[in-house]
Amino acid sequence: MARVIKALVFDLDGVLIDSEQVWDEVRESYARENGGRWHADAQTDMMGMSSREWSRYMHDEMGLRQSPEEISQQVADRVAGVYREKLPLLQGAAEAVQRLAERWPLAVASSSNRPVIDLVLELAGLTPCFAVTVSSEEVRHGKPQPDVYREAARRLAVAPARCAAIEDSQNGILSAASAGMLVIAIPNRRYPPSPKALGSAALVLDSLSDLTPATVESL
């Protein structure tokens with residue numbers, strides 16, 4: 001029996017904004033400027049981590065002298081500065097959000113810091129479209145654990161099984177699927193999810209232009 005979808009939960013980075021590279025470049029430059037041991041696997045290791053988790057990783061694994069709290073704040077401030085100069089909003093993102101917001105309550109479940117989430121939605125003019133926004137720094141574990149998606153469903157007052165999640169990354173897909181949501185994957189081309197992770201998705205789309213009310217209802 002098909003599920004009736006009552007709410008949609010969007011990831012932010014890689015789904016609405018082309019930002020993974022921004023975070024990667026900012027964290028790498030920050031680490032190198034402060035004597036950290038940056039390495040080739042760092043971005044993959046940190047993808048999906050909450051701000052508490054990746055800042056602890058940079059402190060412990062890269063040997064940065066700053067506290068995790070200082071690292072998180074300073075990196076997020078730099079990312080926000082990049083966004084204020086030019087927000088890397090993905091083509092079709094605003095239109096997709098607006099057409100779906102006419103049909104369902106929407107939420108964001110993101111690994112970005114709370115101030116960064118709020119800034120992105122404000123700059124994109126999308127704040128009124130979202131009933132709920134959740135940062136993984138507000139829950140116990142980041143992606144691929146299900147915490148951030150479960151919290152989004154709780155705040156929406158909708159059972160996870162009645163929610164569809166829109167994700168691009170491996171850890172994000174696994175997080176939403178583990179929360180019990182149906183996952184619509186729009187694979188990140190720069191950091192593509194594994195075939196196994198994509199197998200957890202109910203539907204795989206090529207782009208945001210394919211994300212329509214009819215597509216969601218087909219689930």
# chains A, B, ... in the order shown; residues from 1 in each chain; ligands from 1

$ closest_atom_pairs --of "stretch 6-30 of chain A" --to "stretch 174-184 of chain A" --cutoff "10 Å" --atoms "only C-alpha atoms" --output "Markdown table"
| residue | atom | partner | partner_atom | distance |
| --- | --- | --- | --- | --- |
| A:Leu8 | CA | A:Met181 | CA | 9.5 |
| A:Val9 | CA | A:Ala176 | CA | 9.1 |
| A:Phe10 | CA | A:Ile184 | CA | 9.7 |
| A:Asp11 | CA | A:Ala176 | CA | 9.6 |

$ residues_around --residues "A:Trp23" --least-positions-apart "6" --cutoff "10 Å" --atoms "only C-alpha atoms" --output "PyMOL selection string"
chain A and resi 13+29+43+47+75-76+78-79+82+112

$ write_last_selection --atoms "N, CA and C atoms" --output "PDB file, in the first residue's frame"
ATOM      1  N   ASP A  13      22.494  21.631   2.265  1.00  0.00           N
ATOM      2  CA  ASP A  13      23.736  21.611   1.497  1.00  0.00           C
ATOM      3  C   ASP A  13      23.699  20.516   0.438  1.00  0.00           C
ATOM      4  N   SER A  29      41.251  25.860   4.317  1.00  0.00           N
ATOM      5  CA  SER A  29      42.059  27.068   4.487  1.00  0.00           C
ATOM      6  C   SER A  29      42.196  27.417   5.964  1.00  0.00           C
ATOM      7  N   GLN A  43      37.340  15.869   3.897  1.00  0.00           N
ATOM      8  CA  GLN A  43      36.002  16.275   3.495  1.00  0.00           C
ATOM      9  C   GLN A  43      35.022  15.106   3.543  1.00  0.00           C
ATOM     10  N   MET A  47      31.648  14.881   6.027  1.00  0.00           N
ATOM     11  CA  MET A  47      30.361  15.103   5.371  1.00  0.00           C
ATOM     12  C   MET A  47      29.217  14.504   6.191  1.00  0.00           C
ATOM     13  N   VAL A  75      34.629  28.988  11.537  1.00  0.00           N
ATOM     14  CA  VAL A  75      34.395  28.425  10.201  1.00  0.00           C
ATOM     15  C   VAL A  75      33.020  28.839   9.693  1.00  0.00           C
ATOM     16  N   ALA A  76      31.995  28.736  10.538  1.00  0.00           N
ATOM     17  CA  ALA A  76      30.642  29.126  10.130  1.00  0.00           C
ATOM     18  C   ALA A  76      30.579  30.604   9.754  1.00  0.00           C
ATOM     19  N   ARG A  78      32.978  32.343   8.429  1.00  0.00           N
ATOM     20  CA  ARG A  78      33.600  32.479   7.108  1.00  0.00           C
ATOM     21  C   ARG A  78      32.648  32.011   6.003  1.00  0.00           C
ATOM     22  N   VAL A  79      31.969  30.898   6.247  1.00  0.00           N
ATOM     23  CA  VAL A  79      31.005  30.401   5.262  1.00  0.00           C
ATOM     24  C   VAL A  79      29.891  31.420   5.062  1.00  0.00           C
ATOM     25  N   VAL A  82      30.950  34.151   2.760  1.00  0.00           N
ATOM     26  CA  VAL A  82      30.906  33.742   1.351  1.00  0.00           C
ATOM     27  C   VAL A  82      29.479  33.843   0.822  1.00  0.00           C
ATOM     28  N   SER A 112      24.325  21.997   8.691  1.00  0.00           N
ATOM     29  CA  SER A 112      24.888  23.333   8.852  1.00  0.00           C
ATOM     30  C   SER A 112      24.559  23.905  10.233  1.00  0.00           C
TER      31      SER A 112
END

$ closest_residue --among "A:Ile71, A:Ala214, A:Ile5, A:Val15" --to "A:Arg189" --atoms "only C-alpha atoms"
A:Val15

$ closest_atom_pairs --of "stretch 125-218 of chain A" --to "stretch 98-107 of chain A" --cutoff "6 Å" --atoms "only C-alpha atoms" --output "CSV"
residue,atom,partner,partner_atom,distance
A:Cys129,CA,A:Ala101,CA,5.8
A:Phe130,CA,A:Leu106,CA,4.9
A:Ala131,CA,A:Leu106,CA,5.7
A:Val132,CA,A:Ala107,CA,4.6
A:Thr133,CA,A:Ala107,CA,5.4

$ write_last_selection --atoms "C-alpha atoms" --output "compact mmCIF listing (two decimals), in the first residue's frame"
# COMPACT_ATOMS: atom_id res chain seq x y z
CA CYS A 129 8.14 28.43 3.01
CA PHE A 130 9.47 26.35 5.92
CA ALA A 131 7.41 25.58 8.99
CA VAL A 132 10.37 23.95 10.75
CA THR A 133 14.17 24.07 10.51

$ closest_residue --among "A:Pro195, A:Met46, A:Ala124, A:Val108" --to "A:Glu167" --atoms "only C-alpha atoms"
A:Val108

$ select_by_dssp --residues "stretch 7-157 of chain A" --states "alpha helix (DSSP H)" --output "ChimeraX atom specification"
/A:20-33,42-46,51-61,68-85,93-101,114-124,147-156

$ closest_residue --among "A:Gln91, A:Arg190, A:Trp54, A:Met49" --to "A:Asp147" --atoms "only C-alpha atoms"
A:Met49

$ select_by_dssp --residues "stretch 86-193 of chain A" --states "strand (DSSP E)" --output "count of residues only"
18

$ closest_residue --among "A:Gln74, A:Asn188, A:Thr127, A:Ser207" --to "A:Asn34" --atoms "only C-alpha atoms"
A:Gln74

$ closest_residue --among "A:Ala42, A:Ser169, A:Met62, A:Arg52" --to "A:Glu25" --atoms "only C-alpha atoms"
A:Ala42

$ atom_distance --atom1 "atom CA of A:Glu95" --atom2 "atom CA of A:Arg155"
24.3 Å

$ closest_residue --among "A:Glu138, A:Asp118, A:Asp168, A:Asp210" --to "A:Ser51" --atoms "only C-alpha atoms"
A:Glu138

$ atom_distance --atom1 "atom CA of A:Gly172" --atom2 "atom CA of A:Gly48"
6.5 Å

$ residues_around --residues "A:Arg84" --least-positions-apart "5" --cutoff "9 Å" --atoms "only C-alpha atoms" --output "PyMOL selection string"
chain A and resi 79+119-120+123

$ write_last_selection --atoms "N, CA and C atoms" --output "mmCIF file, in the first residue's frame"
data_model
loop_
_atom_site.group_PDB
_atom_site.id
_atom_site.type_symbol
_atom_site.label_atom_id
_atom_site.label_comp_id
_atom_site.auth_asym_id
_atom_site.auth_seq_id
_atom_site.Cartn_x
_atom_site.Cartn_y
_atom_site.Cartn_z
ATOM 1 N N VAL A 79 31.969 30.898 6.247
ATOM 2 C CA VAL A 79 31.005 30.401 5.262
ATOM 3 C C VAL A 79 29.891 31.420 5.062
ATOM 4 N N LEU A 119 20.473 32.137 7.646
ATOM 5 C CA LEU A 119 20.977 33.098 6.663
ATOM 6 C C LEU A 119 20.659 32.660 5.241
ATOM 7 N N VAL A 120 20.868 31.386 4.938
ATOM 8 C CA VAL A 120 20.609 30.881 3.584
ATOM 9 C C VAL A 120 19.145 31.083 3.208
ATOM 10 N N LEU A 123 18.446 34.854 2.667
ATOM 11 C CA LEU A 123 19.009 35.386 1.423
ATOM 12 C C LEU A 123 18.266 34.854 0.199
#

$ residues_around --residues "A:Leu219" --least-positions-apart "6" --cutoff "9 Å" --atoms "only C-alpha atoms" --output "list in words"
Ala2, Arg3, Val4, Ile5, Ala164, Leu182, Ala202 and Leu203 of chain A
